[in-house]
Amino acid sequence: MNNTYIIDTNVFLYSPESILNFQDGDLIIPEVVLEELDNFKGNSGELGYKARRAIRIIDEIRIKGNLVKGIKLSSGTKLRVETGYCEVEIPKAWEKHKPDNRIIQICKGLMEKGEDVHLVTMDAMEKIKADSLGISVYDFSENFSSDYSTNYTGRTELYASEEDIDNFYIKKYIDLKELSYYCQEKQSYIKPELIVNEFVLIRATNNPRKTALGRYNGKEVVPLIYGDIRPLNIMPRNIGQKFMQEALFMECDKAPLVIIKGPAGTAKTLFSLAIGLYKVLETDPKEYRRILVCRANVTMDEEIGFLPGSEQDKILPFMRPVYDNLEVLMNSYYKCKYKDEEELNCKIREFFDRRIVTTEAVAYLRGRSIYKNWVIIDEAQNLSPKQIKAIVTRIGNGTKLILIGDPEQIDQPSLDFKYNGLCYASEKMKGSPLCYQLTLNYEECERSPLAYEGSKRL
């Protein structure tokens with residue numbers, strides 16, 4: 001018996017091409033799903049785009065046959081639209097005019113007919129309702145999205161002999177055959193499999209206090225090379241921050257993309273700004289023309305409005321964290337000791353007046369080609385995969401793009417651990433020689449003891 005997959009609207013709004021990816025069985029689109037797509041198609045944002053894309057795909061299939069009778073797809077599956085089963089009984093408390101309930105009604109009707117029905121959805125409540133009627137649920141998000149708990153961290157811990165660690169500092173490299181990974185399941189040491197640009201903490205097997213830090217370059221593990229630099233008098237305070245500094249300092253032709261994930265207080269924004277300013281102000285010739293900062297709260301699929309004021313006036317509240325970090329940096333910078341708040345604020349305003357630092361709504365990155373800029377996308381976990389792709393493809397030669405955020409602090413209702421631009425980029429760019437990644441952990445929170453306790457406990 002063939003599987004029968006009933007496709008929910010949210011699947012199309014997540015991935016319009018999803019119906020082309022099934023390899024077996026029959027695919028059914030309830031007529032109410034077409035109605036919902038029709039309602040969404042007028043949206044100006046990402047949902048509207050995806051609804052229109054899904055409609056075009058269905059229409060291209062339609063011209064090849066009859067959607068009510070079913071049309072064979074190139075993958076071997078058969079697609080049809082279902083309009084029947086209106087009289088199938090569902091719990092009386094459920095309102096039949098609701099799209100979710102109508103979809104479940106069709107599932108129940110097909111199941112009673114003897115078909116092996118699977119509801120494909122990302123809606124938790126719809127999954128609960130379907131399960132209560134004995135309908136099998138195929139969780140689209142679990143099968144097509146990454147899980148933050150297993151998301152790539154860009155770092156690992158390996159073991160070597162004390163002699164090999166000593167030779168690592170002398171030879172400036174260590175072969176993978178000299179390293180091992182402790183496997184909890186096997187309770188033994190096994191040979192590691194590393195990903196290019198993965199950061200490594202090497203511990204001595206018989207003396208865990210003896211350590212070395214390195215990075216896998218695709219052939220061997222090599223030492224960090226930027227650990228002694230103090231950008232704007234900022235110094236890494238833990239291993240994660242040392243790895244982060246290494247990734248940020250790497251030349252843009254070798255590392256044009258850096259992805260940094262981690263909880264609040266781990267200095268993601270601070271180091272990104274500090275090293276960016278160092279690259280703009282301290283290098284001769286300067287490596288970048290300016291620093292461009294965008295925050296995901298100013299979304300790509302919404303206009304910033306028609307209230308009085310310039311673009312900068314409107315996005316200023318969203319950029320307050322940037323100002324806070326600049327205050328910290330200016331206070332720590334050995335060349336800029338300020339006597340009062342006014343002098344400090346004047347220096348920060350000078351950065352913006354001279355366009356050393358610029359802020360911009362994410363919406364206005366679309367269609368641009370950005371050259372020789374140090375680009376920071378803060379709160380990237382609040383962007384969708386489509387938005388992240390639009391940003392990454394705007395980056396021109398000589399520009400370095402830094403995506404930073406905390407996947408545990410997602411504010412957009414349509415995003416979650418599994419489905420957000422930051423984690424999506426992390427998984428898709430894993431293994432690219434042009435991308436450096438790092439996930440900081442709770443123990444590396446340096447903002448304050450309270451910030452550490454809060455990020456760990458709350």
# chains A, B, ... in the order shown; residues from 1 in each chain; ligands from 1
>>> residues_around(residues="Arg237 of chain A", least_positions_apart="3", cutoff="8 Å", atoms="only C-alpha atoms", output="list of chain:residue names")
A:Gln241, A:Lys242, A:Glu446
>>> select_by_dssp(residues="segment 164-213 of chain A", states="alpha helix (DSSP H)", output="ChimeraX atom specification")
/A:164-171
>>> write_last_selection(atoms="N, CA and C atoms", output="PDB file, in the first residue's frame")
ATOM      1  N   ASP A 164      53.699  15.324  22.386  1.00  0.00           N
ATOM      2  CA  ASP A 164      53.136  15.829  21.131  1.00  0.00           C
ATOM      3  C   ASP A 164      52.693  17.284  21.265  1.00  0.00           C
ATOM      4  N   ILE A 165      52.199  17.655  22.449  1.00  0.00           N
ATOM      5  CA  ILE A 165      51.819  19.060  22.655  1.00  0.00           C
ATOM      6  C   ILE A 165      53.053  19.952  22.638  1.00  0.00           C
ATOM      7  N   ASP A 166      54.139  19.499  23.253  1.00  0.00           N
ATOM      8  CA  ASP A 166      55.390  20.274  23.207  1.00  0.00           C
ATOM      9  C   ASP A 166      55.872  20.440  21.764  1.00  0.00           C
ATOM     10  N   ASN A 167      55.795  19.358  20.989  1.00  0.00           N
ATOM     11  CA  ASN A 167      56.221  19.422  19.586  1.00  0.00           C
ATOM     12  C   ASN A 167      55.290  20.305  18.758  1.00  0.00           C
ATOM     13  N   PHE A 168      54.034  20.396  19.175  1.00  0.00           N
ATOM     14  CA  PHE A 168      53.061  21.242  18.475  1.00  0.00           C
ATOM     15  C   PHE A 168      53.521  22.695  18.472  1.00  0.00           C
ATOM     16  N   TYR A 169      54.051  23.160  19.602  1.00  0.00           N
ATOM     17  CA  TYR A 169      54.532  24.541  19.678  1.00  0.00           C
ATOM     18  C   TYR A 169      55.819  24.728  18.885  1.00  0.00           C
ATOM     19  N   ILE A 170      56.618  23.662  18.762  1.00  0.00           N
ATOM     20  CA  ILE A 170      57.893  23.766  18.047  1.00  0.00           C
ATOM     21  C   ILE A 170      57.679  23.665  16.534  1.00  0.00           C
ATOM     22  N   LYS A 171      56.942  22.638  16.113  1.00  0.00           N
ATOM     23  CA  LYS A 171      56.741  22.390  14.671  1.00  0.00           C
ATOM     24  C   LYS A 171      55.636  23.255  14.072  1.00  0.00           C
TER      25      LYS A 171
END
>>> atom_distance(atom1="atom CA of Asp175 of chain A", atom2="atom CA of Pro236 of chain A")
26.9 Å
>>> atom_distance(atom1="atom CA of Arg102 of chain A", atom2="atom CA of Pro16 of chain A")
21.2 Å
>>> residues_around(residues="Leu292 of chain A", least_positions_apart="6", cutoff="8 Å", atoms="only C-alpha atoms", output="ChimeraX atom specification")
/A:357-360,373-376
>>> residues_around(residues="Gly114 of chain A", least_positions_apart="6", cutoff="12 Å", atoms="only C-alpha atoms", output="number ranges by chain")
A: 1-4, 107-108
>>> select_by_dssp(residues="segment 153-371 of chain A", states="strand (DSSP E or B)", output="PyMOL selection string")
chain A and resi 155-160+174+180-183+188-190+199-204+207-216+221-223+257-261+290-295+357-359+370
>>> write_last_selection(atoms="C-alpha atoms", output="PDB file, in the first residue's frame")
ATOM      1  CA  ARG A 155      34.963  23.623  18.227  1.00  0.00           C
ATOM      2  CA  THR A 156      36.010  20.338  19.761  1.00  0.00           C
ATOM      3  CA  GLU A 157      38.221  18.945  22.526  1.00  0.00           C
ATOM      4  CA  LEU A 158      40.912  16.377  21.693  1.00  0.00           C
ATOM      5  CA  TYR A 159      43.716  14.602  23.536  1.00  0.00           C
ATOM      6  CA  ALA A 160      47.394  14.107  22.811  1.00  0.00           C
ATOM      7  CA  ILE A 174      50.173  18.403  14.794  1.00  0.00           C
ATOM      8  CA  SER A 180      42.269  11.301  19.810  1.00  0.00           C
ATOM      9  CA  TYR A 181      38.712  11.935  20.886  1.00  0.00           C
ATOM     10  CA  TYR A 182      37.196  10.470  24.044  1.00  0.00           C
ATOM     11  CA  CYS A 183      33.985   8.634  23.146  1.00  0.00           C
ATOM     12  CA  SER A 188      37.649   4.836  25.026  1.00  0.00           C
ATOM     13  CA  TYR A 189      39.760   7.150  22.870  1.00  0.00           C
ATOM     14  CA  ILE A 190      39.125   7.100  19.115  1.00  0.00           C
ATOM     15  CA  PHE A 199      38.800  25.027  16.446  1.00  0.00           C
ATOM     16  CA  VAL A 200      40.524  22.529  18.728  1.00  0.00           C
ATOM     17  CA  LEU A 201      41.358  22.502  22.434  1.00  0.00           C
ATOM     18  CA  ILE A 202      44.121  19.915  22.887  1.00  0.00           C
ATOM     19  CA  ARG A 203      44.598  18.410  26.353  1.00  0.00           C
ATOM     20  CA  ALA A 204      47.464  16.219  27.517  1.00  0.00           C
ATOM     21  CA  ASN A 207      47.862  15.942  32.498  1.00  0.00           C
ATOM     22  CA  PRO A 208      44.544  17.666  31.563  1.00  0.00           C
ATOM     23  CA  ARG A 209      45.858  21.004  32.871  1.00  0.00           C
ATOM     24  CA  LYS A 210      48.386  21.097  30.028  1.00  0.00           C
ATOM     25  CA  THR A 211      46.607  22.405  26.937  1.00  0.00           C
ATOM     26  CA  ALA A 212      47.094  23.945  23.523  1.00  0.00           C
ATOM     27  CA  LEU A 213      44.756  25.773  21.178  1.00  0.00           C
ATOM     28  CA  GLY A 214      44.627  25.250  17.444  1.00  0.00           C
ATOM     29  CA  ARG A 215      42.575  25.149  14.253  1.00  0.00           C
ATOM     30  CA  TYR A 216      42.165  22.394  11.692  1.00  0.00           C
ATOM     31  CA  VAL A 221      45.893  21.262  13.342  1.00  0.00           C
ATOM     32  CA  VAL A 222      47.866  24.509  13.426  1.00  0.00           C
ATOM     33  CA  PRO A 223      48.304  27.022  16.296  1.00  0.00           C
ATOM     34  CA  LEU A 257      32.079  34.703   6.639  1.00  0.00           C
ATOM     35  CA  VAL A 258      32.176  34.246  10.417  1.00  0.00           C
ATOM     36  CA  ILE A 259      29.230  32.756  12.327  1.00  0.00           C
ATOM     37  CA  ILE A 260      29.210  33.218  16.107  1.00  0.00           C
ATOM     38  CA  LYS A 261      26.495  31.714  18.296  1.00  0.00           C
ATOM     39  CA  ARG A 290      33.792  51.238   7.280  1.00  0.00           C
ATOM     40  CA  ILE A 291      31.796  49.125   9.705  1.00  0.00           C
ATOM     41  CA  LEU A 292      28.193  48.415   8.758  1.00  0.00           C
ATOM     42  CA  VAL A 293      25.939  47.160  11.566  1.00  0.00           C
ATOM     43  CA  CYS A 294      22.443  45.747  11.036  1.00  0.00           C
ATOM     44  CA  ARG A 295      20.130  44.138  13.563  1.00  0.00           C
ATOM     45  CA  VAL A 357      30.480  53.121  11.825  1.00  0.00           C
ATOM     46  CA  THR A 358      27.167  53.052   9.952  1.00  0.00           C
ATOM     47  CA  THR A 359      23.867  51.426  10.847  1.00  0.00           C
ATOM     48  CA  ILE A 370      28.845  45.559  -0.551  1.00  0.00           C
TER      49      ILE A 370
END
>>> residues_around(residues="Ser432 of chain A", least_positions_apart="6", cutoff="12 Å", atoms="only C-alpha atoms", output="PDB file with N, CA and C atoms, in the first residue's frame")
ATOM      1  N   GLY A 154      31.610  24.351  15.811  1.00  0.00           N
ATOM      2  CA  GLY A 154      32.871  24.897  15.323  1.00  0.00           C
ATOM      3  C   GLY A 154      34.044  24.687  16.257  1.00  0.00           C
ATOM      4  N   ILE A 195      36.316  18.954  10.863  1.00  0.00           N
ATOM      5  CA  ILE A 195      35.802  19.747   9.751  1.00  0.00           C
ATOM      6  C   ILE A 195      36.727  20.930   9.539  1.00  0.00           C
ATOM      7  N   VAL A 196      36.957  21.285   8.293  1.00  0.00           N
ATOM      8  CA  VAL A 196      37.886  22.372   7.992  1.00  0.00           C
ATOM      9  C   VAL A 196      37.494  23.640   8.749  1.00  0.00           C
ATOM     10  N   ASN A 197      38.484  24.294   9.327  1.00  0.00           N
ATOM     11  CA  ASN A 197      38.357  25.508  10.145  1.00  0.00           C
ATOM     12  C   ASN A 197      37.761  25.243  11.523  1.00  0.00           C
ATOM     13  N   GLU A 198      37.647  24.005  11.927  1.00  0.00           N
ATOM     14  CA  GLU A 198      37.147  23.701  13.280  1.00  0.00           C
ATOM     15  C   GLU A 198      38.241  24.016  14.298  1.00  0.00           C
ATOM     16  N   ASN A 217      43.136  23.021   9.563  1.00  0.00           N
ATOM     17  CA  ASN A 217      43.185  23.724   8.278  1.00  0.00           C
ATOM     18  C   ASN A 217      42.808  22.839   7.090  1.00  0.00           C
ATOM     19  N   GLY A 218      42.315  21.645   7.369  1.00  0.00           N
ATOM     20  CA  GLY A 218      41.956  20.698   6.324  1.00  0.00           C
ATOM     21  C   GLY A 218      42.961  19.578   6.176  1.00  0.00           C
ATOM     22  N   LYS A 254      40.414  34.790   3.237  1.00  0.00           N
ATOM     23  CA  LYS A 254      40.422  33.434   3.789  1.00  0.00           C
ATOM     24  C   LYS A 254      39.149  33.142   4.582  1.00  0.00           C
ATOM     25  N   ALA A 255      38.601  34.154   5.222  1.00  0.00           N
ATOM     26  CA  ALA A 255      37.408  33.950   6.060  1.00  0.00           C
ATOM     27  C   ALA A 255      36.432  35.096   5.844  1.00  0.00           C
ATOM     28  N   PRO A 256      35.762  35.153   4.677  1.00  0.00           N
ATOM     29  CA  PRO A 256      34.808  36.230   4.446  1.00  0.00           C
ATOM     30  C   PRO A 256      33.532  36.100   5.254  1.00  0.00           C
ATOM     31  N   LEU A 257      33.283  34.914   5.827  1.00  0.00           N
ATOM     32  CA  LEU A 257      32.079  34.703   6.639  1.00  0.00           C
ATOM     33  C   LEU A 257      32.462  34.119   7.983  1.00  0.00           C
ATOM     34  N   VAL A 258      31.994  34.759   9.059  1.00  0.00           N
ATOM     35  CA  VAL A 258      32.176  34.246  10.417  1.00  0.00           C
ATOM     36  C   VAL A 258      30.801  34.149  11.066  1.00  0.00           C
ATOM     37  N   ILE A 259      30.501  32.982  11.647  1.00  0.00           N
ATOM     38  CA  ILE A 259      29.230  32.756  12.327  1.00  0.00           C
ATOM     39  C   ILE A 259      29.520  32.487  13.795  1.00  0.00           C
ATOM     40  N   ALA A 425      22.271  28.870   8.432  1.00  0.00           N
ATOM     41  CA  ALA A 425      23.561  29.217   7.830  1.00  0.00           C
ATOM     42  C   ALA A 425      24.683  28.375   8.417  1.00  0.00           C
ATOM     43  N   SER A 426      24.613  28.133   9.723  1.00  0.00           N
ATOM     44  CA  SER A 426      25.634  27.327  10.382  1.00  0.00           C
ATOM     45  C   SER A 426      25.719  25.939   9.781  1.00  0.00           C
TER      46      SER A 426
END
>>> residues_around(residues="Gly276 of chain A", least_positions_apart="2", cutoff="9 Å", atoms="only C-alpha atoms", output="PDB file with N, CA and C atoms, in the first residue's frame")
ATOM      1  N   PRO A 231      42.875  44.256  20.484  1.00  0.00           N
ATOM      2  CA  PRO A 231      42.159  45.308  19.740  1.00  0.00           C
ATOM      3  C   PRO A 231      41.439  46.254  20.682  1.00  0.00           C
ATOM      4  N   LEU A 248      37.697  36.253  13.795  1.00  0.00           N
ATOM      5  CA  LEU A 248      37.430  37.622  13.370  1.00  0.00           C
ATOM      6  C   LEU A 248      38.663  38.294  12.770  1.00  0.00           C
ATOM      7  N   PHE A 249      39.843  37.960  13.277  1.00  0.00           N
ATOM      8  CA  PHE A 249      41.064  38.586  12.759  1.00  0.00           C
ATOM      9  C   PHE A 249      41.502  37.999  11.415  1.00  0.00           C
ATOM     10  N   PHE A 271      33.389  42.014  20.682  1.00  0.00           N
ATOM     11  CA  PHE A 271      34.586  41.637  19.925  1.00  0.00           C
ATOM     12  C   PHE A 271      34.420  41.943  18.443  1.00  0.00           C
ATOM     13  N   SER A 272      33.213  41.762  17.920  1.00  0.00           N
ATOM     14  CA  SER A 272      32.983  42.056  16.504  1.00  0.00           C
ATOM     15  C   SER A 272      33.231  43.530  16.213  1.00  0.00           C
ATOM     16  N   LEU A 273      32.775  44.412  17.117  1.00  0.00           N
ATOM     17  CA  LEU A 273      33.009  45.845  16.945  1.00  0.00           C
ATOM     18  C   LEU A 273      34.466  46.214  17.203  1.00  0.00           C
ATOM     19  N   ALA A 274      35.059  45.642  18.247  1.00  0.00           N
ATOM     20  CA  ALA A 274      36.433  45.992  18.611  1.00  0.00           C
ATOM     21  C   ALA A 274      37.404  45.653  17.486  1.00  0.00           C
ATOM     22  N   TYR A 278      39.486  48.116  14.983  1.00  0.00           N
ATOM     23  CA  TYR A 278      40.936  47.948  14.870  1.00  0.00           C
ATOM     24  C   TYR A 278      41.339  47.846  13.394  1.00  0.00           C
ATOM     25  N   LYS A 279      40.570  47.079  12.631  1.00  0.00           N
ATOM     26  CA  LYS A 279      40.885  46.886  11.213  1.00  0.00           C
ATOM     27  C   LYS A 279      40.698  48.183  10.420  1.00  0.00           C
ATOM     28  N   VAL A 280      39.747  49.011  10.836  1.00  0.00           N
ATOM     29  CA  VAL A 280      39.485  50.262  10.121  1.00  0.00           C
ATOM     30  C   VAL A 280      40.444  51.369  10.545  1.00  0.00           C
ATOM     31  N   LEU A 281      40.758  51.452  11.846  1.00  0.00           N
ATOM     32  CA  LEU A 281      41.510  52.579  12.376  1.00  0.00           C
ATOM     33  C   LEU A 281      43.008  52.328  12.513  1.00  0.00           C
ATOM     34  N   TYR A 288      39.421  47.859   5.731  1.00  0.00           N
ATOM     35  CA  TYR A 288      38.009  48.042   5.393  1.00  0.00           C
ATOM     36  C   TYR A 288      37.671  49.526   5.381  1.00  0.00           C
ATOM     37  N   ARG A 290      34.640  50.881   6.132  1.00  0.00           N
ATOM     38  CA  ARG A 290      33.792  51.238   7.280  1.00  0.00           C
ATOM     39  C   ARG A 290      33.203  49.983   7.894  1.00  0.00           C
ATOM     40  N   ILE A 291      32.544  50.188   9.039  1.00  0.00           N
ATOM     41  CA  ILE A 291      31.796  49.125   9.705  1.00  0.00           C
ATOM     42  C   ILE A 291      30.314  49.365   9.461  1.00  0.00           C
ATOM     43  N   TRP A 374      33.154  46.006   6.765  1.00  0.00           N
ATOM     44  CA  TRP A 374      33.101  45.045   7.885  1.00  0.00           C
ATOM     45  C   TRP A 374      31.639  45.008   8.318  1.00  0.00           C
ATOM     46  N   VAL A 375      30.918  43.953   7.949  1.00  0.00           N
ATOM     47  CA  VAL A 375      29.471  43.899   8.121  1.00  0.00           C
ATOM     48  C   VAL A 375      29.116  42.991   9.295  1.00  0.00           C
TER      49      VAL A 375
END
>>> decode(residues="segment 178-243 of chain A", atoms="C-alpha atoms", output="short mmCIF file (atom, residue, chain, number, x, y, z; two decimals), in the first residue's frame")
data_model
loop_
_atom_site.label_atom_id
_atom_site.label_comp_id
_atom_site.auth_asym_id
_atom_site.auth_seq_id
_atom_site.Cartn_x
_atom_site.Cartn_y
_atom_site.Cartn_z
CA GLU A 178 48.58 12.12 17.03
CA LEU A 179 45.17 13.24 18.33
CA SER A 180 42.27 11.30 19.81
CA TYR A 181 38.71 11.93 20.89
CA TYR A 182 37.20 10.47 24.04
CA CYS A 183 33.99 8.63 23.15
CA GLN A 184 31.58 8.43 26.09
CA GLU A 185 29.61 5.56 24.54
CA LYS A 186 32.66 3.34 23.99
CA GLN A 187 34.48 4.63 27.08
CA SER A 188 37.65 4.84 25.03
CA TYR A 189 39.76 7.15 22.87
CA ILE A 190 39.12 7.10 19.12
CA LYS A 191 40.58 8.94 16.13
CA PRO A 192 38.81 12.25 15.40
CA GLU A 193 37.13 13.39 12.20
CA LEU A 194 37.45 17.16 11.99
CA ILE A 195 35.80 19.75 9.75
CA VAL A 196 37.89 22.37 7.99
CA ASN A 197 38.36 25.51 10.14
CA GLU A 198 37.15 23.70 13.28
CA PHE A 199 38.80 25.03 16.45
CA VAL A 200 40.52 22.53 18.73
CA LEU A 201 41.36 22.50 22.43
CA ILE A 202 44.12 19.92 22.89
CA ARG A 203 44.60 18.41 26.35
CA ALA A 204 47.46 16.22 27.52
CA THR A 205 46.15 12.70 28.13
CA ASN A 206 47.95 12.28 31.46
CA ASN A 207 47.86 15.94 32.50
CA PRO A 208 44.54 17.67 31.56
CA ARG A 209 45.86 21.00 32.87
CA LYS A 210 48.39 21.10 30.03
CA THR A 211 46.61 22.41 26.94
CA ALA A 212 47.09 23.94 23.52
CA LEU A 213 44.76 25.77 21.18
CA GLY A 214 44.63 25.25 17.44
CA ARG A 215 42.58 25.15 14.25
CA TYR A 216 42.17 22.39 11.69
CA ASN A 217 43.18 23.72 8.28
CA GLY A 218 41.96 20.70 6.32
CA LYS A 219 45.21 18.77 6.64
CA GLU A 220 46.49 19.24 10.19
CA VAL A 221 45.89 21.26 13.34
CA VAL A 222 47.87 24.51 13.43
CA PRO A 223 48.30 27.02 16.30
CA LEU A 224 46.28 30.21 16.64
CA ILE A 225 48.12 33.21 15.23
CA TYR A 226 46.23 36.26 16.52
CA GLY A 227 46.14 35.52 20.25
CA ASP A 228 48.57 38.28 21.26
CA ILE A 229 46.71 41.20 19.66
CA ARG A 230 44.64 43.44 21.96
CA PRO A 231 42.16 45.31 19.74
CA LEU A 232 41.19 48.57 21.45
CA ASN A 233 42.72 47.15 24.63
CA ILE A 234 40.18 44.29 24.70
CA MET A 235 41.63 40.95 25.82
CA PRO A 236 40.04 37.48 25.49
CA ARG A 237 39.16 36.09 28.92
CA ASN A 238 38.41 32.49 28.02
CA ILE A 239 39.01 29.85 25.37
CA GLY A 240 35.85 30.65 23.44
CA GLN A 241 36.80 34.32 23.14
CA LYS A 242 40.30 33.34 21.95
CA PHE A 243 38.75 31.23 19.21
#
